[in-house]
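File shown here: structure-v7.cif, holding mmCIF, C-alpha atoms.
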data_input
#
loop_
_atom_site.label_atom_id
_atom_site.label_comp_id
_atom_site.auth_asym_id
_atom_site.auth_seq_id
_atom_site.Cartn_x
_atom_site.Cartn_y
_atom_site.Cartn_z
CA MET A 1 2.03 -42.49 -19.57
CA GLN A 2 -0.65 -40.24 -18.10
CA GLY A 3 -4.25 -40.69 -19.12
CA LEU A 4 -4.66 -37.56 -21.22
CA GLU A 5 -1.60 -38.36 -23.33
CA LEU A 6 -2.82 -41.95 -23.66
CA ALA A 7 -6.23 -40.76 -24.85
CA LYS A 8 -4.69 -38.42 -27.43
CA ARG A 9 -2.39 -41.08 -28.84
CA TYR A 10 -5.18 -43.67 -28.92
CA TYR A 11 -7.36 -41.23 -30.83
CA GLU A 12 -4.68 -40.12 -33.28
CA GLU A 13 -3.25 -43.59 -33.97
CA VAL A 14 -6.39 -45.75 -33.72
CA GLY A 15 -9.57 -43.68 -33.53
CA ARG A 16 -8.97 -41.10 -36.23
CA PRO A 17 -7.86 -43.63 -38.86
CA MET A 18 -11.13 -45.51 -38.24
CA LEU A 19 -13.09 -42.27 -38.73
CA GLU A 20 -11.19 -41.46 -41.93
CA ARG A 21 -11.96 -44.92 -43.28
CA ASP A 22 -15.56 -45.46 -42.13
CA PHE A 23 -17.01 -41.98 -41.49
CA PRO A 24 -15.12 -39.55 -43.75
CA GLU A 25 -18.19 -37.36 -44.24
CA LEU A 26 -18.62 -37.01 -40.47
CA LEU A 27 -15.01 -36.30 -39.51
CA PRO A 28 -15.09 -32.55 -40.35
CA ARG A 29 -18.24 -32.14 -38.25
CA LEU A 30 -17.41 -33.93 -34.99
CA ALA A 31 -15.36 -32.98 -31.95
CA ALA A 32 -12.94 -35.36 -30.27
CA GLY A 33 -11.10 -35.24 -26.97
CA LEU A 34 -11.30 -36.32 -23.35
CA VAL A 35 -13.34 -34.14 -20.99
CA GLY A 36 -15.18 -34.86 -17.75
CA GLU A 37 -14.65 -36.69 -14.48
CA GLY A 38 -11.42 -38.42 -13.65
CA SER A 39 -8.01 -37.41 -12.38
CA GLU A 40 -6.55 -37.69 -15.89
CA CYS A 41 -8.67 -34.74 -17.02
CA LEU A 42 -7.02 -32.65 -14.29
CA GLY A 43 -3.54 -33.98 -15.04
CA PHE A 44 -3.33 -35.51 -11.55
CA ASP A 45 -3.44 -39.23 -12.39
CA ASP A 46 -0.63 -41.52 -11.23
CA ALA A 47 0.02 -45.24 -10.79
CA ILE A 48 -2.62 -45.47 -8.05
CA SER A 49 -5.21 -43.95 -10.40
CA GLN A 50 -4.92 -46.94 -12.72
CA ASP A 51 -6.86 -49.26 -10.41
CA HIS A 52 -10.22 -48.03 -11.77
CA ASP A 53 -11.76 -46.13 -14.70
CA PHE A 54 -8.41 -45.95 -16.49
CA GLY A 55 -7.28 -47.02 -19.94
CA ALA A 56 -7.20 -46.11 -23.59
CA GLY A 57 -10.35 -44.21 -24.55
CA PHE A 58 -11.66 -40.88 -25.84
CA ASP A 59 -14.85 -38.92 -26.41
CA LEU A 60 -16.58 -38.12 -29.68
CA TRP A 61 -19.18 -35.33 -29.59
CA LEU A 62 -21.83 -34.87 -32.29
CA SER A 63 -24.49 -32.27 -32.98
CA ALA A 64 -28.07 -33.42 -32.31
CA GLU A 65 -28.71 -33.93 -36.03
CA ASP A 66 -25.53 -35.93 -36.57
CA TYR A 67 -26.07 -37.98 -33.42
CA ASN A 68 -29.53 -39.02 -34.60
CA GLN A 69 -28.09 -40.10 -37.93
CA TYR A 70 -24.72 -41.56 -36.93
CA GLY A 71 -24.71 -42.06 -33.16
CA LYS A 72 -25.44 -45.79 -32.96
CA ALA A 73 -23.23 -46.77 -35.88
CA LEU A 74 -20.37 -44.65 -34.55
CA GLN A 75 -20.68 -46.11 -31.06
CA ASP A 76 -20.66 -49.62 -32.51
CA ALA A 77 -17.50 -48.76 -34.44
CA TYR A 78 -15.94 -47.28 -31.29
CA ASP A 79 -16.73 -50.47 -29.38
CA ARG A 80 -14.87 -52.50 -32.03
CA LEU A 81 -11.62 -50.57 -31.58
CA PRO A 82 -8.65 -52.60 -30.28
CA GLY A 83 -8.92 -53.55 -26.63
CA GLU A 84 -5.29 -52.71 -25.96
CA PHE A 85 -3.00 -49.85 -26.94
CA ALA A 86 0.68 -49.29 -26.10
CA GLY A 87 0.47 -52.27 -23.76
CA ILE A 88 -2.41 -50.68 -21.84
CA PRO A 89 -5.94 -52.15 -21.93
CA ALA A 90 -8.85 -50.12 -23.22
CA ARG A 91 -10.58 -48.25 -20.42
CA LEU A 92 -11.77 -50.48 -17.59
CA THR A 93 -14.77 -48.94 -15.89
CA SER A 94 -16.06 -49.51 -12.37
CA ALA A 95 -19.74 -50.22 -11.71
CA ARG A 96 -20.42 -46.50 -11.33
CA GLY A 97 -17.74 -45.15 -13.64
CA GLY A 98 -19.24 -45.90 -17.05
CA GLY A 99 -20.31 -43.39 -19.63
CA ARG A 100 -17.11 -41.35 -19.55
CA VAL A 101 -15.83 -42.29 -23.01
CA GLY A 102 -17.51 -43.05 -26.31
CA VAL A 103 -20.00 -41.17 -28.49
CA PHE A 104 -22.16 -38.34 -27.12
CA GLU A 105 -24.64 -35.77 -28.34
CA ILE A 106 -23.21 -32.38 -27.38
CA GLY A 107 -26.23 -31.05 -25.50
CA ALA A 108 -26.76 -34.31 -23.60
CA PHE A 109 -23.10 -34.40 -22.60
CA TYR A 110 -23.17 -30.87 -21.17
CA SER A 111 -26.51 -31.46 -19.44
CA ARG A 112 -24.82 -34.02 -17.17
CA PHE A 113 -22.65 -31.24 -15.78
CA ILE A 114 -24.53 -27.93 -16.06
CA GLY A 115 -28.13 -28.74 -16.99
CA MET A 116 -30.02 -27.63 -20.07
CA GLU A 117 -28.82 -23.99 -20.13
CA GLN A 118 -25.54 -24.20 -22.02
CA PRO A 119 -24.00 -21.87 -20.93
CA PRO A 120 -26.17 -20.66 -18.00
CA ARG A 121 -28.33 -17.66 -18.87
CA SER A 122 -28.91 -16.19 -15.41
CA LEU A 123 -26.62 -15.18 -12.56
CA MET A 124 -28.70 -17.21 -10.11
CA ARG A 125 -28.18 -20.28 -12.27
CA TRP A 126 -24.43 -19.62 -12.27
CA LEU A 127 -24.49 -19.20 -8.49
CA HIS A 128 -25.92 -22.64 -7.83
CA LEU A 129 -24.07 -24.79 -10.36
CA PRO A 130 -21.87 -27.44 -8.65
CA GLU A 131 -18.34 -26.10 -8.90
CA ASP A 132 -16.73 -29.52 -9.29
CA LYS A 133 -18.90 -30.10 -12.37
CA LEU A 134 -17.68 -26.83 -13.87
CA ALA A 135 -14.10 -27.91 -13.14
CA ALA A 136 -14.74 -31.27 -14.80
CA VAL A 137 -16.36 -29.94 -17.96
CA THR A 138 -13.67 -27.28 -18.48
CA GLY A 139 -10.78 -29.68 -17.84
CA GLY A 140 -9.27 -32.33 -20.06
CA ALA A 141 -8.57 -31.53 -23.70
CA VAL A 142 -10.29 -31.18 -27.05
CA PHE A 143 -8.16 -32.74 -29.79
CA GLU A 144 -10.17 -31.35 -32.70
CA ASP A 145 -13.54 -29.73 -33.29
CA GLY A 146 -14.58 -29.21 -36.89
CA LEU A 147 -17.88 -27.41 -36.27
CA GLY A 148 -16.76 -25.64 -33.11
CA GLU A 149 -20.14 -26.29 -31.46
CA PHE A 150 -18.73 -28.27 -28.55
CA SER A 151 -15.87 -25.83 -27.98
CA ALA A 152 -18.14 -22.77 -28.08
CA VAL A 153 -19.95 -23.82 -24.90
CA ARG A 154 -16.73 -24.95 -23.24
CA GLU A 155 -14.96 -21.67 -23.93
CA GLU A 156 -17.83 -19.67 -22.45
CA LEU A 157 -17.59 -21.74 -19.27
CA ARG A 158 -13.80 -21.34 -19.17
CA LYS A 159 -14.18 -17.57 -18.95
CA TYR A 160 -15.10 -18.29 -15.31
CA TYR A 161 -17.95 -16.98 -13.19
CA PRO A 162 -19.51 -13.61 -13.98
CA GLU A 163 -17.86 -11.18 -11.54
CA ASP A 164 -20.97 -10.59 -9.43
CA VAL A 165 -21.31 -14.35 -8.92
CA ARG A 166 -17.66 -14.64 -7.91
CA ILE A 167 -18.06 -11.81 -5.40
CA LYS A 168 -21.23 -13.38 -3.95
CA LYS A 169 -19.44 -16.68 -3.50
CA ILE A 170 -16.49 -14.94 -1.84
CA ALA A 171 -18.88 -13.32 0.64
CA ALA A 172 -20.36 -16.74 1.44
CA ARG A 173 -16.91 -18.28 1.94
CA ALA A 174 -15.85 -15.45 4.25
CA ALA A 175 -18.99 -15.92 6.35
CA LYS A 176 -18.56 -19.69 6.58
CA MET A 177 -14.83 -19.50 7.32
CA ALA A 178 -15.57 -17.13 10.20
CA GLN A 179 -18.44 -19.23 11.49
CA SER A 180 -16.69 -22.61 11.36
CA GLY A 181 -13.05 -21.75 12.08
CA GLN A 182 -12.90 -18.46 13.95
CA TYR A 183 -16.04 -19.07 16.04
CA ASN A 184 -17.42 -22.60 16.29
CA TYR A 185 -14.13 -24.51 16.43
CA GLY A 186 -13.16 -22.79 19.68
CA ARG A 187 -16.65 -23.03 21.18
CA CYS A 188 -16.69 -26.79 20.54
CA MET A 189 -13.23 -27.21 22.09
CA ARG A 190 -14.28 -25.25 25.17
CA ARG A 191 -17.13 -27.74 25.63
CA GLY A 192 -14.75 -30.66 25.21
CA ASP A 193 -16.65 -31.83 22.13
CA THR A 194 -13.68 -32.78 19.99
CA VAL A 195 -15.78 -34.51 17.32
CA ALA A 196 -17.84 -31.36 16.72
CA ALA A 197 -14.60 -29.35 16.74
CA MET A 198 -13.13 -31.59 14.02
CA LEU A 199 -16.29 -31.18 11.95
CA ALA A 200 -15.99 -27.41 12.35
CA LEU A 201 -12.33 -27.59 11.34
CA ASP A 202 -13.20 -29.72 8.31
CA GLU A 203 -15.78 -27.13 7.24
CA PHE A 204 -13.26 -24.34 7.72
CA VAL A 205 -10.66 -26.11 5.58
CA ARG A 206 -13.16 -26.74 2.77
CA GLN A 207 -14.33 -23.13 2.82
CA ALA A 208 -10.78 -21.78 2.97
CA ILE A 209 -9.69 -23.88 0.00
CA SER A 210 -12.75 -22.74 -1.94
CA MET A 211 -11.95 -19.13 -1.07
CA VAL A 212 -8.44 -19.48 -2.49
CA TYR A 213 -9.83 -20.94 -5.72
CA LEU A 214 -12.26 -18.02 -6.04
CA LEU A 215 -9.51 -15.48 -5.44
CA ASN A 216 -7.45 -17.25 -8.14
CA ARG A 217 -10.46 -17.32 -10.50
CA THR A 218 -10.28 -21.09 -10.90
CA TYR A 219 -13.05 -23.68 -10.56
CA MET A 220 -12.49 -25.99 -7.59
CA PRO A 221 -12.52 -29.71 -8.46
CA TYR A 222 -13.91 -32.77 -6.67
CA TYR A 223 -12.87 -32.90 -3.00
CA LYS A 224 -10.17 -35.52 -3.54
CA TRP A 225 -8.21 -33.10 -5.73
CA MET A 226 -9.07 -29.68 -4.32
CA PHE A 227 -5.92 -29.46 -2.19
CA ARG A 228 -3.68 -30.85 -4.94
CA GLY A 229 -5.01 -28.22 -7.31
CA MET A 230 -3.75 -25.41 -5.07
CA GLU A 231 -0.11 -26.13 -5.85
CA LYS A 232 -0.18 -24.11 -9.08
CA PHE A 233 -1.69 -20.93 -7.61
CA GLN A 234 0.08 -17.58 -7.74
CA ILE A 235 -2.35 -15.95 -5.29
CA LEU A 236 -2.11 -17.04 -1.62
CA PRO A 237 0.21 -20.03 -2.22
CA GLU A 238 1.13 -19.89 1.48
CA VAL A 239 -2.38 -20.93 2.53
CA ALA A 240 -1.85 -24.47 1.23
CA GLU A 241 1.04 -25.03 3.65
CA LYS A 242 -1.01 -23.73 6.59
CA ILE A 243 -3.81 -26.12 5.65
CA ARG A 244 -1.37 -29.01 5.42
CA GLU A 245 -0.08 -28.14 8.89
CA LEU A 246 -3.64 -28.19 10.24
CA SER A 247 -4.14 -31.67 8.79
CA VAL A 248 -1.22 -33.25 10.68
CA MET A 249 -1.65 -31.69 14.12
CA GLY A 250 -2.37 -34.01 17.02
CA ASP A 251 -4.82 -33.66 19.89
CA THR A 252 -4.90 -30.12 21.31
CA SER A 253 -7.70 -30.56 23.84
CA GLU A 254 -5.33 -29.96 26.79
CA MET A 255 -4.85 -26.40 25.52
CA TRP A 256 -8.48 -25.70 26.39
CA LYS A 257 -8.33 -26.75 30.04
CA PRO A 258 -7.55 -24.48 33.02
CA PRO A 259 -5.50 -22.97 34.46
CA PHE A 260 -5.17 -20.30 31.77
CA PRO A 261 -2.56 -17.52 31.70
CA PRO A 262 -3.52 -13.90 32.45
CA GLY A 263 -5.27 -12.24 29.53
CA TRP A 264 -6.30 -15.57 28.00
CA ASN A 265 -8.84 -15.03 25.21
CA PRO A 266 -11.35 -17.91 24.94
CA TYR A 267 -12.39 -16.76 21.47
CA VAL A 268 -8.85 -16.67 20.05
CA ASN A 269 -7.03 -19.25 22.15
CA GLN A 270 -3.47 -18.94 20.88
CA LEU A 271 -2.42 -21.78 23.19
CA ASP A 272 -3.98 -24.08 20.58
CA PRO A 273 -1.71 -24.12 17.51
CA ARG A 274 -4.74 -24.86 15.32
CA VAL A 275 -6.20 -21.50 16.27
CA GLY A 276 -2.94 -19.86 15.26
CA ARG A 277 -3.07 -21.51 11.82
CA ILE A 278 -6.74 -20.60 11.38
CA GLU A 279 -6.01 -16.96 12.19
CA LYS A 280 -3.00 -16.84 9.85
CA ILE A 281 -5.11 -18.23 7.00
CA CYS A 282 -7.82 -15.66 7.68
CA GLN A 283 -5.26 -12.84 7.85
CA ALA A 284 -3.85 -13.88 4.47
CA VAL A 285 -7.35 -13.94 2.98
CA VAL A 286 -8.13 -10.47 4.36
CA GLY A 287 -4.96 -9.14 2.76
CA GLU A 288 -5.94 -10.53 -0.64
CA LEU A 289 -9.53 -9.29 -0.32
CA ARG A 290 -8.09 -5.81 0.19
CA LYS A 291 -5.77 -6.21 -2.81
CA GLN A 292 -8.70 -7.19 -5.02
CA GLY A 293 -10.74 -4.22 -3.82
CA LEU A 294 -13.37 -6.36 -2.12
CA THR A 295 -13.04 -4.84 1.36
CA ASP A 296 -11.64 -1.74 3.03
CA SER A 297 -11.69 -3.19 6.54
CA ARG A 298 -8.62 -4.48 8.38
CA ASP A 299 -10.63 -6.50 10.92
CA ALA A 300 -9.14 -9.92 11.71
CA PHE A 301 -12.62 -11.51 11.93
CA LEU A 302 -13.79 -12.47 8.45
CA GLU A 303 -17.45 -12.02 9.34
CA ALA A 304 -16.83 -8.26 9.56
CA HIS A 305 -15.80 -8.23 5.89
CA THR A 306 -18.95 -9.87 4.54
CA TRP A 307 -20.88 -6.59 4.54
CA GLU A 308 -18.09 -4.87 2.63
CA ILE A 309 -17.95 -7.68 0.08
CA MET A 310 -21.71 -7.77 -0.43
CA LYS A 311 -21.71 -4.02 -1.16
CA ARG A 312 -19.56 -4.69 -4.24
CA ILE A 313 -22.30 -6.76 -5.92
CA GLN A 314 -24.16 -4.84 -8.63
CA ASP A 315 -26.95 -7.27 -9.54
CA PRO A 316 -30.05 -6.53 -7.41
CA GLU A 317 -31.16 -10.17 -7.19
CA LEU A 318 -27.77 -11.35 -5.97
CA LYS A 319 -27.54 -8.44 -3.52
CA LYS A 320 -30.75 -9.69 -1.85
CA CYS A 321 -29.41 -13.21 -1.28
CA HIS A 322 -28.48 -14.38 2.20
CA VAL A 323 -24.77 -13.86 2.79
CA MET A 324 -24.17 -17.62 3.06
CA GLU A 325 -26.02 -18.51 -0.15
CA GLY A 326 -23.80 -19.77 -2.93
#
Will you turn the file into structure tokens for me?
Amino acid sequence: MQGLELAKRYYEEVGRPMLERDFPELLPRLAAGLVGEGSECLGFDDAISQDHDFGAGFDLWLSAEDYNQYGKALQDAYDRLPGEFAGIPARLTSARGGGRVGVFEIGAFYSRFIGMEQPPRSLMRWLHLPEDKLAAVTGGAVFEDGLGEFSAVREELRKYYPEDVRIKKIAARAAKMAQSGQYNYGRCMRRGDTVAAMLALDEFVRQAISMVYLLNRTYMPYYKWMFRGMEKFQILPEVAEKIRELSVMGDTSEMWKPPFPPGWNPYVNQLDPRVGRIEKICQAVVGELRKQGLTDSRDAFLEAHTWEIMKRIQDPELKKCHVMEG
């Protein structure tokens, strides 16, 4: 049984009956579900996931007024719930994994992920929110929400970034993909600095994955799950396979040593299969940027598209930002 199903059953069969018995006046006013960090909130948990921060548990969210009145008593009641359900222990938490289930005040819960503006009020605030936190707080499931206060914030966040923020982030990803993959990877390999080249490649892969999430209008989760999350995308699904191929390639340093064939291009060294994959990923991204009306250029170098992308931003404050900001 996956964690989200376990949480729902534990709530419906154990938690809700307790609420009906001990807190009937509160039940129509609270929200219940499982939202936040953890692979189960993304639907990615498996047998390996059960070695930490896994087990029967759920969240209860209260308004500030209700939390002040009922919070401690409700948490005490939650702590007295059975320690096992369906043969699975109640959630076992690691030293740093506590605080994911139990009773929470709505504003305090959201502040852990997005700060005190719930939802953010400015585009600059949106630009700088950690994307994995947005993925976490919009994942999981809400089982019920009598007042609708918890769900109101969540639904605003699930509408995704304001379009100008999305475009600004796409410009930054294009710039960083060009810098790390199309430029610095090759320069590092030419110097024989394979460690720096691998760091450049790592940066390229991260930026490329982020770009695909932005083009699919989906928040990118914590790094451990960002590649896994690409499997459901309708836009640029082929990029995931190219990234996987990059991850399993062996040493290519011999491809950067002379003698070189006539017409060899040190900036796009097609002798190195990694360069070929990098260029194919960038070509696919350019094609989608054109489809989404974010560039008119056909240049193979992503840096050339950043000016086109930035021109699409309407907000004057965002337009003034450095291309790599965000």
Could you tell me, as a PyMOL selection string, exactly which residues end up selected when the PyMOL selection byres ((chain A and resi 247-254) around 9) is applied to this structure?
chain A and resi 189-190+192+194+242-246+255-258+271-274
Decode the PyMOL selection byres ((chain A and resi 167) around 9) for the given file into explicit residues and return them as a tab-separated table (two decimals) with C-alpha atoms, in the frame of the given file.
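Dumped everything to expr.tsv:
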chain	number	residue	atom	x	y	z
A	162	PRO	CA	-19.51	-13.61	-13.98
A	163	GLU	CA	-17.86	-11.18	-11.54
A	164	ASP	CA	-20.97	-10.59	-9.43
A	165	VAL	CA	-21.31	-14.35	-8.92
A	166	ARG	CA	-17.66	-14.64	-7.91
A	168	LYS	CA	-21.23	-13.38	-3.95
A	169	LYS	CA	-19.44	-16.68	-3.50
A	170	ILE	CA	-16.49	-14.94	-1.84
A	171	ALA	CA	-18.88	-13.32	0.64
A	172	ALA	CA	-20.36	-16.74	1.44
A	214	LEU	CA	-12.26	-18.02	-6.04
A	294	LEU	CA	-13.37	-6.36	-2.12
A	309	ILE	CA	-17.95	-7.68	0.08
A	310	MET	CA	-21.71	-7.77	-0.43
A	312	ARG	CA	-19.56	-4.69	-4.24
A	313	ILE	CA	-22.30	-6.76	-5.92
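When CA of Gly57 in chain A is paired with CA of Ala90 in chain A, their separation reads 6.2 Å.
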Near Ala196 in chain A, counting only C-alpha atoms, which residues have an atom at most 12 Å away, once you skip same-chain residues fewer than 4 positions from it, shown as a PyMOL selection string? chain A and resi 180-181+184-192+200-203
Practice problem: Could you give me, as a ChimeraX atom specification, the residues that have an atom at most 7 Å away from the point (-3.5, -31.9, -24.7) in the coordinates of the file, using only C-alpha atoms? | Solution: /A:4-5,141,143
Mind running range 81-180 of chain A against range 14-21 of chain A at 9 Å and telling me each contacting residue's nearest atom pair with the distance in Å (one decimal), counting all atoms listed in the file, chain and number ascending, as a Markdown table?
| residue | atom | partner | partner_atom | distance |
| --- | --- | --- | --- | --- |
| A:Leu81 | CA | A:Val14 | CA | 7.4 |
| A:Pro82 | CA | A:Val14 | CA | 8.0 |
| A:Phe85 | CA | A:Val14 | CA | 8.6 |
Please, could you write that set of residues out with C-alpha atoms as a PDB file, keeping the file's coordinate frame?
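Written output follows (again-v4.pdb):
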ATOM      1  CA  LEU A  81     -11.620 -50.570 -31.580  1.00  0.00           C
ATOM      2  CA  PRO A  82      -8.650 -52.600 -30.280  1.00  0.00           C
ATOM      3  CA  PHE A  85      -3.000 -49.850 -26.940  1.00  0.00           C
TER       4      PHE A  85
END
*asked:* Residue by residue, what does the PyMOL selection byres ((chain A and resi 74) around 12) grab here? Present the result as a PyMOL selection string.
replied: chain A and resi 15+18-19+22-24+26-27+30+59-62+66-73+75-81+102-105
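Considering the residues A:Ile106, A:Val239, A:Leu318, A:Leu134 and counting only C-alpha atoms, Pro221 in chain A has its shortest atom-to-atom contact with A:Leu134.
For the choices A:Pro89, A:Gly326, A:Pro28, A:Pro316, the atom-to-atom distance to Ala174 in chain A is smallest for A:Gly326 when using all atoms listed in the file.
Distance-wise, CA of Val101 in chain A and CA of Gly140 in chain A end up 12.3 Å apart.
CA of Phe233 in chain A sits 23.0 Å away from CA of Gly3 in chain A.
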* Please determine the residues with any atom at most 9 Å from (-12.4, -26.5, -1.9) (coordinates as given in the file, with all atoms listed in the file counting) and report them as a PyMOL selection string. => chain A and resi 205-213+220-223+225-227
With a distance cut-off of 12 Å and all atoms listed in the file, select the neighbouring residues of Ala284 in chain A, excluding the residue or stretch itself and same-chain residues fewer than 6 positions from it, and output the selection as a compact mmCIF listing (two decimals) with C-alpha atoms, in the frame of the given file.
# COMPACT_ATOMS: atom_id res chain seq x y z
CA ALA A 208 -10.78 -21.78 2.97
CA MET A 211 -11.95 -19.13 -1.07
CA VAL A 212 -8.44 -19.48 -2.49
CA LEU A 215 -9.51 -15.48 -5.44
CA ILE A 235 -2.35 -15.95 -5.29
CA LEU A 236 -2.11 -17.04 -1.62
CA PRO A 237 0.21 -20.03 -2.22
CA GLU A 238 1.13 -19.89 1.48
CA VAL A 239 -2.38 -20.93 2.53
CA ALA A 240 -1.85 -24.47 1.23
CA LYS A 242 -1.01 -23.73 6.59
CA ARG A 277 -3.07 -21.51 11.82
CA ILE A 278 -6.74 -20.60 11.38
CA ARG A 290 -8.09 -5.81 0.19
CA LYS A 291 -5.77 -6.21 -2.81
CA ARG A 298 -8.62 -4.48 8.38
CA ASP A 299 -10.63 -6.50 10.92
CA ALA A 300 -9.14 -9.92 11.71
CA PHE A 301 -12.62 -11.51 11.93
CA LEU A 302 -13.79 -12.47 8.45
Of A:Ala197, A:Met230, A:Gly139, A:Arg173, the one sitting nearest Leu289 in chain A when using all atoms listed in the file is A:Arg173
4 Å per side around range 105-110 of chain A: axis-aligned box centre and edge lengths, as AutoDock Vina command-line options:
--center_x -24.9 --center_y -33.3 --center_z -24.8 --size_x 11.7 --size_y 12.9 --size_z 15.2
If you count all atoms listed in the file, the residue of A:Met1, A:Cys321, A:Ala31, A:Cys41 closest to Ala86 in chain A turns out to be A:Met1
